[in-house]
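**Student:** This structure is in structure tokens; I'll ask about it shortly.
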Amino acid sequence: MPTFEEIAAFVTEKPLATAVIALLSLAGLALAFLVIRVVWRAVAWLFARYVARRPVEDVLTIVAASIATGVSAQGMWRFSGDVLGLDGPLRLLLFAFIEVAIITSAVRARRNMRENFSAGIDGIAVWALTCLTAVLSSMDARSAPEALFRLAAPLVAAWLWERGMAIERHRIRGTGRINWRLTPERLMVRMGLAEVSDRTASEVDAHRRLTRVALAAKRAKALREGGASERKIRGALSKLDKAMDQAVEHTGLAVDQSRQEALLAQIAALYNTSALIDADPRVPWEPQADHQPVPARPALPPALAELVEDEDEDVEVLDATPQVVSTAERAALMRAARGFWDRQIAKGIVPRTVDIAQEIGISLATAREYRALWKLEPQAHALIEALYHQHGIVDTGAFPALGADGRVLTKS
């Protein structure tokens, strides 16, 4: 590098050449500034168009995939020179043809995803070409670690591309990945080692024991009503008694009102399964071709109309002295109410809520709860249906029942 004295001597001796050099330097600086400015604007435009609009994970995916592809291309450069014997411009033109094919297939797969919602055959081609370039690159490795590295680099690039495609698929289709039918969770549930809900172990055990009691009660009732032998009935009652003992011991059935109600609900559902035969569920959007308008209801007799207007179900009852009874007393009252209900149903009478409350001496709220449960049984339901079709009376819990002779029956 010339010293300052040599530069000063050159300027003094050749001022014209110095001026020309200075002008060319200024022109070069101006040209370099313009080139840098154009490149900066191009980079900023590319960043705003392709990078800024993408999430950070997509940008990092593209960068990592590009690095992995570069590693794979470097391995193909060595393979084309050492194995294929290519050199010079021919080597430069041909060494990365598989990487170019991978990028082309990846772009086509993304286009297919946007247009047809599937990567198609191009997605398969990306993985096939990636495995091919990984194998070829590792064949020219000088050691086992280098071979593993050259095998891993293209596969990493393909995996990152696949994850980017999954994000793109979810963004376009609005759906996630498939749900496998065989998962560890489902296998554990199928084998009985796990629960599908968040119930505790005690809740699951209590539910199973109450279900055993309900099923045993249904079995004993079915045998008794079917006229089974005395031995079978005794066996069924023995199983029922055993299941009840275990439920009382392990679930607190004698003092837990919620579990008592759950047991009664299960028994009521099991006892009335035959009512499902008469159910007529209709699809709400299905046109009803045989639909007929409901005929006008006949006018009710004055006495009947006066009784129907007395709807105690719509009256809010506030007991000044609420009943506080023990579990045994509550069970006795329920058995008494059930006996009264069965006797009235056998006579063809559907008791009202107020009738049950007055006969047994319980509150209207309790009588209403019992009646709502028992009126779903087949015999009571048939009486209610007959009352509606013959006289147009809707069950509110306060309507009178009709006897066989057509008289209005309100009490037993």
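Identifiers in the structure tokens: chain A, B, ... in order shown; residue index from 1 per chain; ligand index from 1 in order shown.
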I'd like the neighbourhood of A:Glu377 as number ranges by chain, where a residue qualifies if any of its atoms comes within 10 Å (using only C-alpha atoms), though same-chain residues fewer than 4 positions away should be ignored.
**Tutor:** A: 268-269, 271-275, 373, 381-382
**Student:** Record the distance separating atom CA of A:Thr211 and atom CA of A:Ile345, expressed in Å with one decimal.
**Tutor:**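 Distance reported for this atom pair: 28.0 Å.
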**Student:** Which of these, A:Val11, A:Met165, A:Met76, A:Leu132, has the shortest distance to A:Arg110 once you count only C-alpha atoms?
**Tutor:** A:Met165
**Student:** With only C-alpha atoms as the basis for distance, which of A:Ile124, A:Ala134, A:Ile360, A:Leu29 is at the shortest distance from A:Phe79?
**Tutor:**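 Ranked by minimum distance to A:Phe79, first place goes to A:Ala134.
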**Student:** Could you state the separation of atom CA of A:Val204 and atom CA of A:Leu263 in Å, given to one decimal place?
**Tutor:**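 So the two atoms, atom CA of A:Val204 and atom CA of A:Leu263, lie 14.0 Å apart.
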**Student:** What's the separation between atom CA of A:Gly227 and atom CA of A:Leu276, in Å to one decimal place?
**Tutor:**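 So the two atoms, atom CA of A:Gly227 and atom CA of A:Leu276, lie 23.6 Å apart.
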**Student:** Can you list, as a list in words, every protein, DNA or RNA residue that comes within 12 Å of A:Ser118 when you count only C-alpha atoms, leaving out same-chain residues fewer than 2 positions away?
**Tutor:**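 Once the nearby chain positions are removed, what remains is Arg108, Ala109, Arg110, Arg111, Asn112, Met113, Arg114, Glu115, Asn116, Gly120, Ile121, Asp122, Gly123, Ile124, Met165, Ala166, Glu168, Arg169, His170, Ile172 and Arg173 of chain A.
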**Student:** Write out as a PDB file with N, CA and C atoms, in the first residue's frame each polymer residue whose atoms come within 10 Å of A:Arg212, counting only C-alpha atoms; drop sequence neighbours fewer than 4 positions from it.
**Tutor:**
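The result, stored in around-v7.pdb:
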ATOM      1  N   ALA A 206     -69.422 -46.177  43.542  1.00  0.00           N
ATOM      2  CA  ALA A 206     -70.794 -45.996  44.011  1.00  0.00           C
ATOM      3  C   ALA A 206     -71.794 -46.179  42.867  1.00  0.00           C
ATOM      4  N   HIS A 207     -71.471 -45.645  41.690  1.00  0.00           N
ATOM      5  CA  HIS A 207     -72.375 -45.797  40.551  1.00  0.00           C
ATOM      6  C   HIS A 207     -72.526 -47.268  40.162  1.00  0.00           C
ATOM      7  N   ARG A 208     -71.459 -48.013  40.170  1.00  0.00           N
ATOM      8  CA  ARG A 208     -71.536 -49.432  39.809  1.00  0.00           C
ATOM      9  C   ARG A 208     -72.335 -50.224  40.833  1.00  0.00           C
ATOM     10  N   ALA A 216     -80.485 -55.969  39.924  1.00  0.00           N
ATOM     11  CA  ALA A 216     -80.963 -57.101  40.720  1.00  0.00           C
ATOM     12  C   ALA A 216     -82.442 -56.950  41.044  1.00  0.00           C
ATOM     13  N   ALA A 217     -82.893 -55.727  41.325  1.00  0.00           N
ATOM     14  CA  ALA A 217     -84.313 -55.498  41.586  1.00  0.00           C
ATOM     15  C   ALA A 217     -85.155 -55.768  40.337  1.00  0.00           C
ATOM     16  N   LYS A 218     -84.678 -55.346  39.196  1.00  0.00           N
ATOM     17  CA  LYS A 218     -85.411 -55.617  37.955  1.00  0.00           C
ATOM     18  C   LYS A 218     -85.489 -57.109  37.687  1.00  0.00           C
ATOM     19  N   LYS A 239     -79.667 -62.289  45.797  1.00  0.00           N
ATOM     20  CA  LYS A 239     -78.708 -61.414  45.112  1.00  0.00           C
ATOM     21  C   LYS A 239     -79.060 -59.946  45.322  1.00  0.00           C
ATOM     22  N   LEU A 240     -80.368 -59.645  45.292  1.00  0.00           N
ATOM     23  CA  LEU A 240     -80.789 -58.262  45.541  1.00  0.00           C
ATOM     24  C   LEU A 240     -80.422 -57.817  46.946  1.00  0.00           C
ATOM     25  N   LYS A 242     -78.008 -59.012  48.830  1.00  0.00           N
ATOM     26  CA  LYS A 242     -76.553 -58.878  48.914  1.00  0.00           C
ATOM     27  C   LYS A 242     -76.081 -57.582  48.270  1.00  0.00           C
ATOM     28  N   ALA A 243     -76.617 -57.259  47.084  1.00  0.00           N
ATOM     29  CA  ALA A 243     -76.229 -56.010  46.409  1.00  0.00           C
ATOM     30  C   ALA A 243     -76.637 -54.797  47.230  1.00  0.00           C
ATOM     31  N   MET A 244     -77.810 -54.862  47.877  1.00  0.00           N
ATOM     32  CA  MET A 244     -78.260 -53.746  48.709  1.00  0.00           C
ATOM     33  C   MET A 244     -77.373 -53.582  49.929  1.00  0.00           C
ATOM     34  N   GLN A 246     -74.190 -54.343  50.186  1.00  0.00           N
ATOM     35  CA  GLN A 246     -72.925 -53.754  49.765  1.00  0.00           C
ATOM     36  C   GLN A 246     -73.081 -52.278  49.418  1.00  0.00           C
ATOM     37  N   ALA A 247     -74.209 -51.919  48.799  1.00  0.00           N
ATOM     38  CA  ALA A 247     -74.432 -50.512  48.463  1.00  0.00           C
ATOM     39  C   ALA A 247     -74.560 -49.662  49.715  1.00  0.00           C
ATOM     40  N   LEU A 263     -80.565 -43.989  42.796  1.00  0.00           N
ATOM     41  CA  LEU A 263     -81.003 -45.385  42.757  1.00  0.00           C
ATOM     42  C   LEU A 263     -82.454 -45.486  42.315  1.00  0.00           C
TER      43      LEU A 263
END
**Student:** Can you tell me which residues surround A:Ile67 at a distance of at most 12 Å, considering only C-alpha atoms, apart from same-chain residues fewer than 3 positions away, and format the answer as a list in words?
**Tutor:** Leu60, Thr61, Ile62, Val63, Ala64, Gly70, Val71, Ser72, Ala73, Gln74, Ala153, Pro154, Val156, Ala157, Ala158 and Leu160 of chain A
**Student:** Give me a file of those residues, with all heavy atoms, as an mmCIF file, in the first residue's frame.
**Tutor:**
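Output contents, as saved in part.cif:
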data_model
loop_
_atom_site.group_PDB
_atom_site.id
_atom_site.type_symbol
_atom_site.label_atom_id
_atom_site.label_comp_id
_atom_site.auth_asym_id
_atom_site.auth_seq_id
_atom_site.Cartn_x
_atom_site.Cartn_y
_atom_site.Cartn_z
ATOM 1 N N LEU A 60 -38.946 -19.632 10.347
ATOM 2 C CA LEU A 60 -37.881 -20.495 10.853
ATOM 3 C C LEU A 60 -37.870 -21.844 10.135
ATOM 4 O O LEU A 60 -36.801 -22.428 9.908
ATOM 5 C CB LEU A 60 -38.060 -20.695 12.354
ATOM 6 C CG LEU A 60 -37.893 -19.438 13.221
ATOM 7 C CD1 LEU A 60 -38.154 -19.763 14.678
ATOM 8 C CD2 LEU A 60 -36.508 -18.840 13.044
ATOM 9 N N THR A 61 -39.041 -22.346 9.778
ATOM 10 C CA THR A 61 -39.105 -23.606 9.032
ATOM 11 C C THR A 61 -38.422 -23.480 7.683
ATOM 12 O O THR A 61 -37.654 -24.356 7.264
ATOM 13 C CB THR A 61 -40.571 -24.028 8.857
ATOM 14 O OG1 THR A 61 -41.154 -24.241 10.146
ATOM 15 C CG2 THR A 61 -40.674 -25.307 8.040
ATOM 16 N N ILE A 62 -38.688 -22.371 6.981
ATOM 17 C CA ILE A 62 -38.076 -22.166 5.667
ATOM 18 C C ILE A 62 -36.561 -22.022 5.781
ATOM 19 O O ILE A 62 -35.796 -22.582 4.985
ATOM 20 C CB ILE A 62 -38.702 -20.923 4.987
ATOM 21 C CG1 ILE A 62 -40.173 -21.187 4.688
ATOM 22 C CG2 ILE A 62 -37.958 -20.570 3.713
ATOM 23 C CD1 ILE A 62 -40.906 -19.972 4.161
ATOM 24 N N VAL A 63 -36.106 -21.283 6.804
ATOM 25 C CA VAL A 63 -34.670 -21.089 6.985
ATOM 26 C C VAL A 63 -33.982 -22.417 7.283
ATOM 27 O O VAL A 63 -32.944 -22.769 6.679
ATOM 28 C CB VAL A 63 -34.410 -20.066 8.110
ATOM 29 C CG1 VAL A 63 -32.927 -20.007 8.436
ATOM 30 C CG2 VAL A 63 -34.922 -18.691 7.694
ATOM 31 N N ALA A 64 -34.560 -23.195 8.222
ATOM 32 C CA ALA A 64 -33.940 -24.474 8.579
ATOM 33 C C ALA A 64 -33.961 -25.452 7.404
ATOM 34 O O ALA A 64 -32.983 -26.168 7.163
ATOM 35 C CB ALA A 64 -34.664 -25.077 9.783
ATOM 36 N N GLY A 70 -29.084 -27.094 1.679
ATOM 37 C CA GLY A 70 -27.715 -26.742 1.323
ATOM 38 C C GLY A 70 -26.724 -27.816 1.717
ATOM 39 O O GLY A 70 -25.781 -28.128 0.969
ATOM 40 N N VAL A 71 -26.919 -28.414 2.905
ATOM 41 C CA VAL A 71 -26.048 -29.507 3.320
ATOM 42 C C VAL A 71 -26.182 -30.680 2.366
ATOM 43 O O VAL A 71 -25.187 -31.315 1.965
ATOM 44 C CB VAL A 71 -26.390 -29.926 4.762
ATOM 45 C CG1 VAL A 71 -25.595 -31.179 5.155
ATOM 46 C CG2 VAL A 71 -26.081 -28.794 5.730
ATOM 47 N N SER A 72 -27.420 -30.992 1.970
ATOM 48 C CA SER A 72 -27.634 -32.077 1.020
ATOM 49 C C SER A 72 -26.995 -31.766 -0.330
ATOM 50 O O SER A 72 -26.391 -32.642 -0.978
ATOM 51 C CB SER A 72 -29.128 -32.335 0.852
ATOM 52 O OG SER A 72 -29.376 -33.294 -0.132
ATOM 53 N N ALA A 73 -27.108 -30.517 -0.787
ATOM 54 C CA ALA A 73 -26.496 -30.136 -2.061
ATOM 55 C C ALA A 73 -24.971 -30.245 -2.001
ATOM 56 O O ALA A 73 -24.317 -30.622 -2.986
ATOM 57 C CB ALA A 73 -26.923 -28.713 -2.431
ATOM 58 N N GLN A 74 -24.388 -29.892 -0.859
ATOM 59 C CA GLN A 74 -22.934 -30.011 -0.725
ATOM 60 C C GLN A 74 -22.501 -31.473 -0.824
ATOM 61 O O GLN A 74 -21.468 -31.805 -1.420
ATOM 62 C CB GLN A 74 -22.499 -29.407 0.616
ATOM 63 C CG GLN A 74 -21.005 -29.238 0.770
ATOM 64 C CD GLN A 74 -20.335 -30.446 1.411
ATOM 65 O OE1 GLN A 74 -21.026 -31.281 2.026
ATOM 66 N NE2 GLN A 74 -19.021 -30.542 1.256
ATOM 67 N N ALA A 153 -29.741 -34.833 7.202
ATOM 68 C CA ALA A 153 -30.002 -33.464 6.739
ATOM 69 C C ALA A 153 -31.177 -33.387 5.775
ATOM 70 O O ALA A 153 -32.105 -32.573 5.970
ATOM 71 C CB ALA A 153 -28.734 -32.888 6.107
ATOM 72 N N PRO A 154 -31.245 -34.182 4.686
ATOM 73 C CA PRO A 154 -32.413 -34.089 3.792
ATOM 74 C C PRO A 154 -33.715 -34.499 4.472
ATOM 75 O O PRO A 154 -34.779 -33.925 4.189
ATOM 76 C CB PRO A 154 -32.054 -35.048 2.646
ATOM 77 C CG PRO A 154 -30.593 -35.249 2.727
ATOM 78 C CD PRO A 154 -30.255 -35.136 4.162
ATOM 79 N N VAL A 156 -34.479 -34.085 7.607
ATOM 80 C CA VAL A 156 -34.898 -32.948 8.434
ATOM 81 C C VAL A 156 -35.590 -31.897 7.579
ATOM 82 O O VAL A 156 -36.626 -31.334 7.963
ATOM 83 C CB VAL A 156 -33.686 -32.366 9.177
ATOM 84 C CG1 VAL A 156 -34.047 -31.024 9.822
ATOM 85 C CG2 VAL A 156 -33.190 -33.338 10.226
ATOM 86 N N ALA A 157 -35.024 -31.618 6.407
ATOM 87 C CA ALA A 157 -35.655 -30.644 5.510
ATOM 88 C C ALA A 157 -37.046 -31.103 5.092
ATOM 89 O O ALA A 157 -38.007 -30.315 5.072
ATOM 90 C CB ALA A 157 -34.769 -30.429 4.276
ATOM 91 N N ALA A 158 -37.196 -32.412 4.776
ATOM 92 C CA ALA A 158 -38.507 -32.928 4.380
ATOM 93 C C ALA A 158 -39.497 -32.879 5.534
ATOM 94 O O ALA A 158 -40.683 -32.576 5.354
ATOM 95 C CB ALA A 158 -38.367 -34.360 3.858
ATOM 96 N N LEU A 160 -39.514 -30.734 8.076
ATOM 97 C CA LEU A 160 -39.926 -29.345 8.272
ATOM 98 C C LEU A 160 -40.918 -28.913 7.196
ATOM 99 O O LEU A 160 -41.873 -28.184 7.472
ATOM 100 C CB LEU A 160 -38.687 -28.442 8.271
ATOM 101 C CG LEU A 160 -37.731 -28.638 9.453
ATOM 102 C CD1 LEU A 160 -36.486 -27.780 9.261
ATOM 103 C CD2 LEU A 160 -38.413 -28.276 10.756
#
**Student:** Quick check for you: according to DSSP on this backbone, which residues of stretch 160-247 of chain A are classed as helix (DSSP H, G or I)? Reply as a ChimeraX atom specification.
**Tutor:** /A:160-173,184-190,201-225,230-247
**Student:** Could you check which of A:Leu253, A:Ala372, A:Ile167, A:Ala220 is closest to A:Leu237, using only C-alpha atoms?
**Tutor:** A:Ala220
**Student:** Determine the nearest neighbour of A:Ser66 from the options A:Trp161, A:Trp127, A:Pro2, A:Arg224, counting only C-alpha atoms.
**Tutor:** A:Trp161
